[in-house]
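Just below is one structure, and these are the notes that go with it.
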Amino acid sequence: MKALLLKDCYVLWKQMRIFVVLVLVFTAINNSFYSLFAVVWASMLPYTAIAYDERSHWDQYAAMMPYSTRDLVLSKYVLGWLCMTAAIALCLVCQFVLGIINHTSPDYASITTCLFIGIIAIDITLPLVLRLGVERGRMALMLVIFGVAILGGLVAEISFGDGGSFSLPLPLAVLIPAVSVVGTIISIPLSMKLYQSRS
């Protein structure tokens, strides 16, 4: 799987450089919505890798190589998780530096919530894209991204108090991580099954 991840990283190198710049810009704005956007955008990078795979007919090459369906599918999930983790790390570093300047502390709660929402986005969209392909699944992908944006906006609306601090209500604080965990447990085997049926 390490080789698959390296292959995707080499393919996405140009996009990743743009990604780093965008995360730095969004984090500098110091707004939870922009942090959510950065994390969710990072979770979409595996679909760019899948699009390149489809153009180069990578599936046909992979079928002749010693990669299992599990490796091929799980590598896309791991890529998404790594990209989101990198986005979170960049957000924390930028907020820490800005905090020293503005005498504030990083908003750990909102950034963690963004991570869980990004995981939910992957859980929903990756099975669709692996089954339909990037081109055919584009509309479904856009609808899910739009839904995630609405979810993030609602969470932000509920969670910010009068003082501007992020405070997630207890039901949501439990529900969002639980949905991300359960969604991942369901999504990975579903993606494997759909990928096999596509092949």
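Identifiers in the structure tokens: chain A, B, ... in order shown; residue index from 1 per chain; ligand index from 1 in order shown.
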Next item on the list: Write out as JSON, numbers by chain each polymer residue whose atoms come within 12 Å of A:Ala62, counting only C-alpha atoms; drop sequence neighbours fewer than 3 positions from it.
Entry: {"A": [3, 4, 53, 54, 56, 57, 58, 59, 65, 66, 67, 68, 69, 71, 72, 73, 199]}
Using N, CA and C atoms, can you write the selected residues to a file as a PDB file, in the first residue's frame?
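The new file part_0.pdb reads:
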```pdb
ATOM      1  N   ALA A   3       3.489   1.808  -1.703  1.00  0.00           N
ATOM      2  CA  ALA A   3       3.802   2.161  -3.090  1.00  0.00           C
ATOM      3  C   ALA A   3       2.622   2.864  -3.754  1.00  0.00           C
ATOM      4  N   LEU A   4       1.406   2.418  -3.459  1.00  0.00           N
ATOM      5  CA  LEU A   4       0.213   3.057  -4.019  1.00  0.00           C
ATOM      6  C   LEU A   4       0.082   4.489  -3.528  1.00  0.00           C
ATOM      7  N   ASP A  53      -6.081   8.160 -12.506  1.00  0.00           N
ATOM      8  CA  ASP A  53      -6.037   6.703 -12.718  1.00  0.00           C
ATOM      9  C   ASP A  53      -6.927   6.292 -13.883  1.00  0.00           C
ATOM     10  N   GLU A  54      -8.121   6.911 -13.953  1.00  0.00           N
ATOM     11  CA  GLU A  54      -9.047   6.565 -15.031  1.00  0.00           C
ATOM     12  C   GLU A  54      -8.503   6.993 -16.392  1.00  0.00           C
ATOM     13  N   SER A  56      -5.405   7.294 -17.307  1.00  0.00           N
ATOM     14  CA  SER A  56      -4.241   6.481 -17.695  1.00  0.00           C
ATOM     15  C   SER A  56      -4.552   4.993 -17.711  1.00  0.00           C
ATOM     16  N   HIS A  57      -5.822   4.633 -17.483  1.00  0.00           N
ATOM     17  CA  HIS A  57      -6.244   3.230 -17.441  1.00  0.00           C
ATOM     18  C   HIS A  57      -5.431   2.437 -16.404  1.00  0.00           C
ATOM     19  N   TRP A  58      -5.248   3.067 -15.251  1.00  0.00           N
ATOM     20  CA  TRP A  58      -4.470   2.438 -14.189  1.00  0.00           C
ATOM     21  C   TRP A  58      -5.105   1.134 -13.725  1.00  0.00           C
ATOM     22  N   ASP A  59      -6.432   1.027 -13.736  1.00  0.00           N
ATOM     23  CA  ASP A  59      -7.103  -0.193 -13.287  1.00  0.00           C
ATOM     24  C   ASP A  59      -6.616  -1.414 -14.067  1.00  0.00           C
ATOM     25  N   MET A  65      -0.865  -6.486 -11.556  1.00  0.00           N
ATOM     26  CA  MET A  65       0.121  -6.340 -10.490  1.00  0.00           C
ATOM     27  C   MET A  65      -0.407  -6.981  -9.207  1.00  0.00           C
ATOM     28  N   PRO A  66       0.488  -7.278  -8.267  1.00  0.00           N
ATOM     29  CA  PRO A  66       0.066  -8.002  -7.048  1.00  0.00           C
ATOM     30  C   PRO A  66      -0.623  -7.110  -6.015  1.00  0.00           C
ATOM     31  N   TYR A  67      -1.653  -6.387  -6.463  1.00  0.00           N
ATOM     32  CA  TYR A  67      -2.430  -5.555  -5.551  1.00  0.00           C
ATOM     33  C   TYR A  67      -3.820  -6.140  -5.403  1.00  0.00           C
ATOM     34  N   SER A  68      -4.270  -6.255  -4.166  1.00  0.00           N
ATOM     35  CA  SER A  68      -5.620  -6.750  -3.921  1.00  0.00           C
ATOM     36  C   SER A  68      -6.607  -5.593  -3.995  1.00  0.00           C
ATOM     37  N   THR A  69      -7.883  -5.935  -4.108  1.00  0.00           N
ATOM     38  CA  THR A  69      -8.926  -4.905  -4.085  1.00  0.00           C
ATOM     39  C   THR A  69      -8.852  -4.116  -2.784  1.00  0.00           C
ATOM     40  N   ASP A  71      -6.191  -3.387  -1.026  1.00  0.00           N
ATOM     41  CA  ASP A  71      -5.097  -2.412  -1.099  1.00  0.00           C
ATOM     42  C   ASP A  71      -5.482  -1.212  -1.961  1.00  0.00           C
ATOM     43  N   LEU A  72      -6.087  -1.479  -3.108  1.00  0.00           N
ATOM     44  CA  LEU A  72      -6.434  -0.404  -4.046  1.00  0.00           C
ATOM     45  C   LEU A  72      -7.473   0.541  -3.451  1.00  0.00           C
ATOM     46  N   VAL A  73      -8.462  -0.013  -2.765  1.00  0.00           N
ATOM     47  CA  VAL A  73      -9.530   0.811  -2.181  1.00  0.00           C
ATOM     48  C   VAL A  73      -9.044   1.509  -0.915  1.00  0.00           C
ATOM     49  N   SER A 199     -15.303  -3.622 -11.660  1.00  0.00           N
ATOM     50  CA  SER A 199     -14.271  -4.277 -12.432  1.00  0.00           C
ATOM     51  C   SER A 199     -14.842  -5.461 -13.212  1.00  0.00           C
TER      52      SER A 199
END
```
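Across the structure, atom CA of A:Ser105 and atom CA of A:Val93 are spaced 11.0 Å apart.
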Give one line per residue of stretch 78-122 of chain A that approaches stretch 135-147 of chain A to at most 12 Å, naming the two atoms of the closest pair and their distance in Å to one decimal, counting only C-alpha atoms; sort by chain then ascending residue number and deliver it as JSON lines.
```
{"residue": "A:Ile117", "atom": "CA", "partner": "A:Ile145", "partner_atom": "CA", "distance": 10.7}
{"residue": "A:Gly118", "atom": "CA", "partner": "A:Ile145", "partner_atom": "CA", "distance": 9.8}
{"residue": "A:Ile120", "atom": "CA", "partner": "A:Val144", "partner_atom": "CA", "distance": 10.1}
{"residue": "A:Ala121", "atom": "CA", "partner": "A:Val144", "partner_atom": "CA", "distance": 7.2}
{"residue": "A:Ile122", "atom": "CA", "partner": "A:Val144", "partner_atom": "CA", "distance": 9.6}
```
Pull all heavy atoms from the residues just selected and write them as a PDB file, in the first residue's frame.
```pdb
ATOM      1  N   ILE A 117     -16.111  15.893  10.101  1.00  0.00           N
ATOM      2  CA  ILE A 117     -17.003  16.180   8.968  1.00  0.00           C
ATOM      3  C   ILE A 117     -16.335  15.786   7.651  1.00  0.00           C
ATOM      4  O   ILE A 117     -16.982  15.250   6.743  1.00  0.00           O
ATOM      5  CB  ILE A 117     -17.407  17.662   8.963  1.00  0.00           C
ATOM      6  CG1 ILE A 117     -18.312  17.962  10.171  1.00  0.00           C
ATOM      7  CG2 ILE A 117     -18.151  18.024   7.674  1.00  0.00           C
ATOM      8  CD1 ILE A 117     -18.689  19.418  10.327  1.00  0.00           C
ATOM      9  N   GLY A 118     -15.027  16.017   7.554  1.00  0.00           N
ATOM     10  CA  GLY A 118     -14.298  15.592   6.366  1.00  0.00           C
ATOM     11  C   GLY A 118     -14.302  14.079   6.198  1.00  0.00           C
ATOM     12  O   GLY A 118     -14.446  13.563   5.084  1.00  0.00           O
ATOM     13  N   ILE A 120     -16.663  12.079   7.266  1.00  0.00           N
ATOM     14  CA  ILE A 120     -18.021  11.736   6.827  1.00  0.00           C
ATOM     15  C   ILE A 120     -18.168  11.954   5.325  1.00  0.00           C
ATOM     16  O   ILE A 120     -18.788  11.154   4.622  1.00  0.00           O
ATOM     17  CB  ILE A 120     -19.061  12.568   7.613  1.00  0.00           C
ATOM     18  CG1 ILE A 120     -19.069  12.146   9.078  1.00  0.00           C
ATOM     19  CG2 ILE A 120     -20.462  12.399   7.011  1.00  0.00           C
ATOM     20  CD1 ILE A 120     -19.900  13.040   9.987  1.00  0.00           C
ATOM     21  N   ALA A 121     -17.571  13.047   4.822  1.00  0.00           N
ATOM     22  CA  ALA A 121     -17.632  13.332   3.377  1.00  0.00           C
ATOM     23  C   ALA A 121     -16.975  12.213   2.579  1.00  0.00           C
ATOM     24  O   ALA A 121     -17.498  11.776   1.545  1.00  0.00           O
ATOM     25  CB  ALA A 121     -16.962  14.669   3.082  1.00  0.00           C
ATOM     26  N   ILE A 122     -15.831  11.722   3.046  1.00  0.00           N
ATOM     27  CA  ILE A 122     -15.155  10.614   2.374  1.00  0.00           C
ATOM     28  C   ILE A 122     -16.008   9.355   2.424  1.00  0.00           C
ATOM     29  O   ILE A 122     -16.146   8.629   1.432  1.00  0.00           O
ATOM     30  CB  ILE A 122     -13.776  10.349   3.008  1.00  0.00           C
ATOM     31  CG1 ILE A 122     -12.798  11.478   2.656  1.00  0.00           C
ATOM     32  CG2 ILE A 122     -13.204   9.017   2.548  1.00  0.00           C
ATOM     33  CD1 ILE A 122     -11.423  11.304   3.261  1.00  0.00           C
TER      34      ILE A 122
END
```
Checklist line | DSSP helix (DSSP H, G or I) residues within stretch 5-70 of chain A, as a PyMOL selection string | finding: chain A and resi 5-11+13-29+32-43+45-55+58-63+69-70
Next item on the list: Mind giving me the straight-line distance from atom CA of A:Val182 to atom CA of A:Ile124 in Å, one decimal?
Entry: 11.5 Å
Check: Which is closest to A:Ala89 among A:Ala51, A:Lys14, A:Ala38, A:Ile101, if we use only C-alpha atoms?
Finding: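 Answer, going by the shortest atom-to-atom distance: A:Ala38.
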Margin query: Just want the 8 Å neighbourhood of stretch 175-178 of chain A, counted on only C-alpha atoms, with same-chain residues fewer than 3 positions away dropped. Output as a VMD selection string.
Written below: chain A and resid 113 116 to 117 171 to 172 181 to 182
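Non-sequential neighbours of A:Ala86 (distance at most 9 Å, separation of 4 or more positions within a chain, only C-alpha atoms) are Val20, Val39, Ala42, Trp81, Leu82, Leu90 and Cys91 of chain A.
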All heavy atoms of the current selection, written as a PDB file, in the first residue's frame:
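File produced: result_5.pdb:
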```pdb
ATOM      1  N   VAL A  20      -1.448  23.459  -0.018  1.00  0.00           N
ATOM      2  CA  VAL A  20      -0.742  24.050   1.124  1.00  0.00           C
ATOM      3  C   VAL A  20      -0.974  25.557   1.168  1.00  0.00           C
ATOM      4  O   VAL A  20      -1.256  26.131   2.229  1.00  0.00           O
ATOM      5  CB  VAL A  20       0.767  23.727   1.058  1.00  0.00           C
ATOM      6  CG1 VAL A  20       1.531  24.531   2.108  1.00  0.00           C
ATOM      7  CG2 VAL A  20       1.001  22.241   1.265  1.00  0.00           C
ATOM      8  N   VAL A  39     -10.272  21.566   5.085  1.00  0.00           N
ATOM      9  CA  VAL A  39     -10.228  20.143   5.436  1.00  0.00           C
ATOM     10  C   VAL A  39     -11.054  19.318   4.456  1.00  0.00           C
ATOM     11  O   VAL A  39     -10.618  18.255   3.997  1.00  0.00           O
ATOM     12  CB  VAL A  39     -10.711  19.924   6.883  1.00  0.00           C
ATOM     13  CG1 VAL A  39     -10.837  18.438   7.192  1.00  0.00           C
ATOM     14  CG2 VAL A  39      -9.761  20.588   7.870  1.00  0.00           C
ATOM     15  N   ALA A  42      -9.299  19.057   1.234  1.00  0.00           N
ATOM     16  CA  ALA A  42      -8.223  18.059   1.348  1.00  0.00           C
ATOM     17  C   ALA A  42      -8.783  16.649   1.198  1.00  0.00           C
ATOM     18  O   ALA A  42      -8.144  15.777   0.596  1.00  0.00           O
ATOM     19  CB  ALA A  42      -7.510  18.207   2.690  1.00  0.00           C
ATOM     20  N   TRP A  81      -7.352  10.499   4.435  1.00  0.00           N
ATOM     21  CA  TRP A  81      -7.072  10.752   5.856  1.00  0.00           C
ATOM     22  C   TRP A  81      -5.762  11.506   6.036  1.00  0.00           C
ATOM     23  O   TRP A  81      -5.674  12.420   6.862  1.00  0.00           O
ATOM     24  CB  TRP A  81      -7.017   9.425   6.620  1.00  0.00           C
ATOM     25  CG  TRP A  81      -8.296   8.649   6.610  1.00  0.00           C
ATOM     26  CD1 TRP A  81      -9.563   9.142   6.416  1.00  0.00           C
ATOM     27  CD2 TRP A  81      -8.446   7.240   6.780  1.00  0.00           C
ATOM     28  NE1 TRP A  81     -10.491   8.125   6.456  1.00  0.00           N
ATOM     29  CE2 TRP A  81      -9.843   6.952   6.679  1.00  0.00           C
ATOM     30  CE3 TRP A  81      -7.559   6.190   6.998  1.00  0.00           C
ATOM     31  CZ2 TRP A  81     -10.343   5.653   6.804  1.00  0.00           C
ATOM     32  CZ3 TRP A  81      -8.058   4.900   7.128  1.00  0.00           C
ATOM     33  CH2 TRP A  81      -9.427   4.638   7.032  1.00  0.00           C
ATOM     34  N   LEU A  82      -4.737  11.128   5.267  1.00  0.00           N
ATOM     35  CA  LEU A  82      -3.446  11.804   5.371  1.00  0.00           C
ATOM     36  C   LEU A  82      -3.535  13.263   4.930  1.00  0.00           C
ATOM     37  O   LEU A  82      -2.955  14.153   5.564  1.00  0.00           O
ATOM     38  CB  LEU A  82      -2.396  11.071   4.533  1.00  0.00           C
ATOM     39  CG  LEU A  82      -1.941   9.709   5.048  1.00  0.00           C
ATOM     40  CD1 LEU A  82      -0.995   9.049   4.050  1.00  0.00           C
ATOM     41  CD2 LEU A  82      -1.268   9.836   6.405  1.00  0.00           C
ATOM     42  N   LEU A  90      -1.511  21.911   9.451  1.00  0.00           N
ATOM     43  CA  LEU A  90      -1.222  23.258   8.953  1.00  0.00           C
ATOM     44  C   LEU A  90      -2.106  24.297   9.630  1.00  0.00           C
ATOM     45  O   LEU A  90      -1.646  25.389   9.986  1.00  0.00           O
ATOM     46  CB  LEU A  90      -1.405  23.312   7.438  1.00  0.00           C
ATOM     47  CG  LEU A  90      -0.300  22.681   6.593  1.00  0.00           C
ATOM     48  CD1 LEU A  90      -0.718  22.630   5.133  1.00  0.00           C
ATOM     49  CD2 LEU A  90       1.000  23.454   6.745  1.00  0.00           C
ATOM     50  N   CYS A  91      -3.390  23.941   9.800  1.00  0.00           N
ATOM     51  CA  CYS A  91      -4.308  24.860  10.482  1.00  0.00           C
ATOM     52  C   CYS A  91      -3.837  25.144  11.907  1.00  0.00           C
ATOM     53  O   CYS A  91      -3.845  26.294  12.367  1.00  0.00           O
ATOM     54  CB  CYS A  91      -5.718  24.272  10.514  1.00  0.00           C
ATOM     55  SG  CYS A  91      -6.592  24.294   8.935  1.00  0.00           S
TER      56      CYS A  91
END
```
Notebook entry, point to check: With only C-alpha atoms as the atoms that count, which of A:Val129, A:Leu45, A:Ile50, A:Met64 lies nearest to A:Phe19?
Noted result: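 For A:Phe19, the nearest of the given residues is A:Leu45.
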Tell me, as a JSON list (two decimals) with C-alpha atoms, in the first residue's frame, which residues lie within 12 Å of A:Pro189, counting only C-alpha atoms; anything in the same chain fewer than 5 positions away does not count.
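Done, and the output landed in around-v4.json:
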```
[["chain", "number", "residue", "atom", "x", "y", "z"],
["A", 69, "THR", "CA", -8.93, -4.90, -4.08],
["A", 70, "ARG", "CA", -8.44, -4.14, -0.41],
["A", 71, "ASP", "CA", -5.10, -2.41, -1.10],
["A", 73, "VAL", "CA", -9.53, 0.81, -2.18],
["A", 74, "LEU", "CA", -7.99, 1.32, 1.24],
["A", 77, "TYR", "CA", -9.14, 6.22, 2.14],
["A", 123, "ASP", "CA", -17.40, 7.87, 3.77],
["A", 126, "LEU", "CA", -15.76, 7.45, -2.08],
["A", 127, "PRO", "CA", -18.05, 4.43, -2.61],
["A", 130, "LEU", "CA", -15.27, 4.03, -6.98],
["A", 182, "VAL", "CA", -19.69, 4.04, 11.96],
["A", 183, "GLY", "CA", -19.67, 5.53, 8.46],
["A", 184, "THR", "CA", -16.06, 4.44, 7.93],
["A", 194, "LEU", "CA", -18.66, -1.77, -5.44],
["A", 195, "TYR", "CA", -15.12, -1.59, -6.85],
["A", 196, "GLN", "CA", -15.16, -5.31, -7.54]]
```
Next item on the list: Between A:Val134, A:Cys83, A:His103, A:Met1, single out the one closest to A:Tyr52, counting only C-alpha atoms.
Entry: A:Val134
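Atom pair atom CA of A:Thr48 / atom CA of A:Gln15 has a distance of 8.8 Å (rounded to one decimal).
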Check: With only C-alpha atoms as the atoms that count, which of A:Leu79, A:Leu98, A:Val174, A:Leu190 lies nearest to A:Ile119?
Finding: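 So, comparing all the options, the nearest one is A:Leu79.
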Residues near A:Ile111, cut-off 7 Å, only C-alpha atoms, skip fewer than 3 positions along chain, as a PDB file with all heavy atoms, in the first residue's frame:
```pdb
ATOM      1  N   SER A  35     -11.665  26.926   7.737  1.00  0.00           N
ATOM      2  CA  SER A  35     -10.949  25.720   8.156  1.00  0.00           C
ATOM      3  C   SER A  35     -11.684  24.480   7.679  1.00  0.00           C
ATOM      4  O   SER A  35     -11.070  23.513   7.209  1.00  0.00           O
ATOM      5  CB  SER A  35     -10.803  25.694   9.685  1.00  0.00           C
ATOM      6  OG  SER A  35     -10.017  26.765  10.139  1.00  0.00           O
ATOM      7  N   ILE A  88      -5.178  19.658   8.897  1.00  0.00           N
ATOM      8  CA  ILE A  88      -5.361  19.962  10.323  1.00  0.00           C
ATOM      9  C   ILE A  88      -4.054  20.462  10.934  1.00  0.00           C
ATOM     10  O   ILE A  88      -4.036  21.442  11.696  1.00  0.00           O
ATOM     11  CB  ILE A  88      -5.844  18.705  11.077  1.00  0.00           C
ATOM     12  CG1 ILE A  88      -7.268  18.338  10.645  1.00  0.00           C
ATOM     13  CG2 ILE A  88      -5.790  18.924  12.588  1.00  0.00           C
ATOM     14  CD1 ILE A  88      -8.325  19.330  11.044  1.00  0.00           C
ATOM     15  N   ASP A 107      -8.271  27.055  18.060  1.00  0.00           N
ATOM     16  CA  ASP A 107      -9.622  26.555  18.307  1.00  0.00           C
ATOM     17  C   ASP A 107      -9.650  25.053  18.034  1.00  0.00           C
ATOM     18  O   ASP A 107     -10.064  24.598  16.973  1.00  0.00           O
ATOM     19  CB  ASP A 107     -10.622  27.292  17.404  1.00  0.00           C
ATOM     20  CG  ASP A 107     -12.052  27.093  17.863  1.00  0.00           C
ATOM     21  OD1 ASP A 107     -12.281  26.227  18.719  1.00  0.00           O
ATOM     22  OD2 ASP A 107     -12.930  27.813  17.368  1.00  0.00           O
ATOM     23  N   TYR A 108      -9.175  24.277  19.027  1.00  0.00           N
ATOM     24  CA  TYR A 108      -9.041  22.840  18.843  1.00  0.00           C
ATOM     25  C   TYR A 108     -10.385  22.165  18.577  1.00  0.00           C
ATOM     26  O   TYR A 108     -10.463  21.225  17.783  1.00  0.00           O
ATOM     27  CB  TYR A 108      -8.389  22.207  20.078  1.00  0.00           C
ATOM     28  CG  TYR A 108      -6.988  22.694  20.351  1.00  0.00           C
ATOM     29  CD1 TYR A 108      -6.722  23.535  21.435  1.00  0.00           C
ATOM     30  CD2 TYR A 108      -5.933  22.325  19.526  1.00  0.00           C
ATOM     31  CE1 TYR A 108      -5.442  23.987  21.691  1.00  0.00           C
ATOM     32  CE2 TYR A 108      -4.644  22.779  19.769  1.00  0.00           C
ATOM     33  CZ  TYR A 108      -4.404  23.600  20.853  1.00  0.00           C
ATOM     34  OH  TYR A 108      -3.131  24.055  21.089  1.00  0.00           O
ATOM     35  N   CYS A 114     -14.123  19.781  12.213  1.00  0.00           N
ATOM     36  CA  CYS A 114     -13.884  19.814  10.764  1.00  0.00           C
ATOM     37  C   CYS A 114     -13.319  18.490  10.277  1.00  0.00           C
ATOM     38  O   CYS A 114     -13.695  17.992   9.205  1.00  0.00           O
ATOM     39  CB  CYS A 114     -12.926  20.945  10.407  1.00  0.00           C
ATOM     40  SG  CYS A 114     -13.593  22.610  10.632  1.00  0.00           S
ATOM     41  N   LEU A 115     -12.427  17.888  11.060  1.00  0.00           N
ATOM     42  CA  LEU A 115     -11.835  16.604  10.684  1.00  0.00           C
ATOM     43  C   LEU A 115     -12.904  15.521  10.588  1.00  0.00           C
ATOM     44  O   LEU A 115     -12.947  14.758   9.611  1.00  0.00           O
ATOM     45  CB  LEU A 115     -10.768  16.207  11.695  1.00  0.00           C
ATOM     46  CG  LEU A 115     -10.131  14.830  11.494  1.00  0.00           C
ATOM     47  CD1 LEU A 115      -9.406  14.758  10.153  1.00  0.00           C
ATOM     48  CD2 LEU A 115      -9.173  14.510  12.640  1.00  0.00           C
TER      49      LEU A 115
END
```
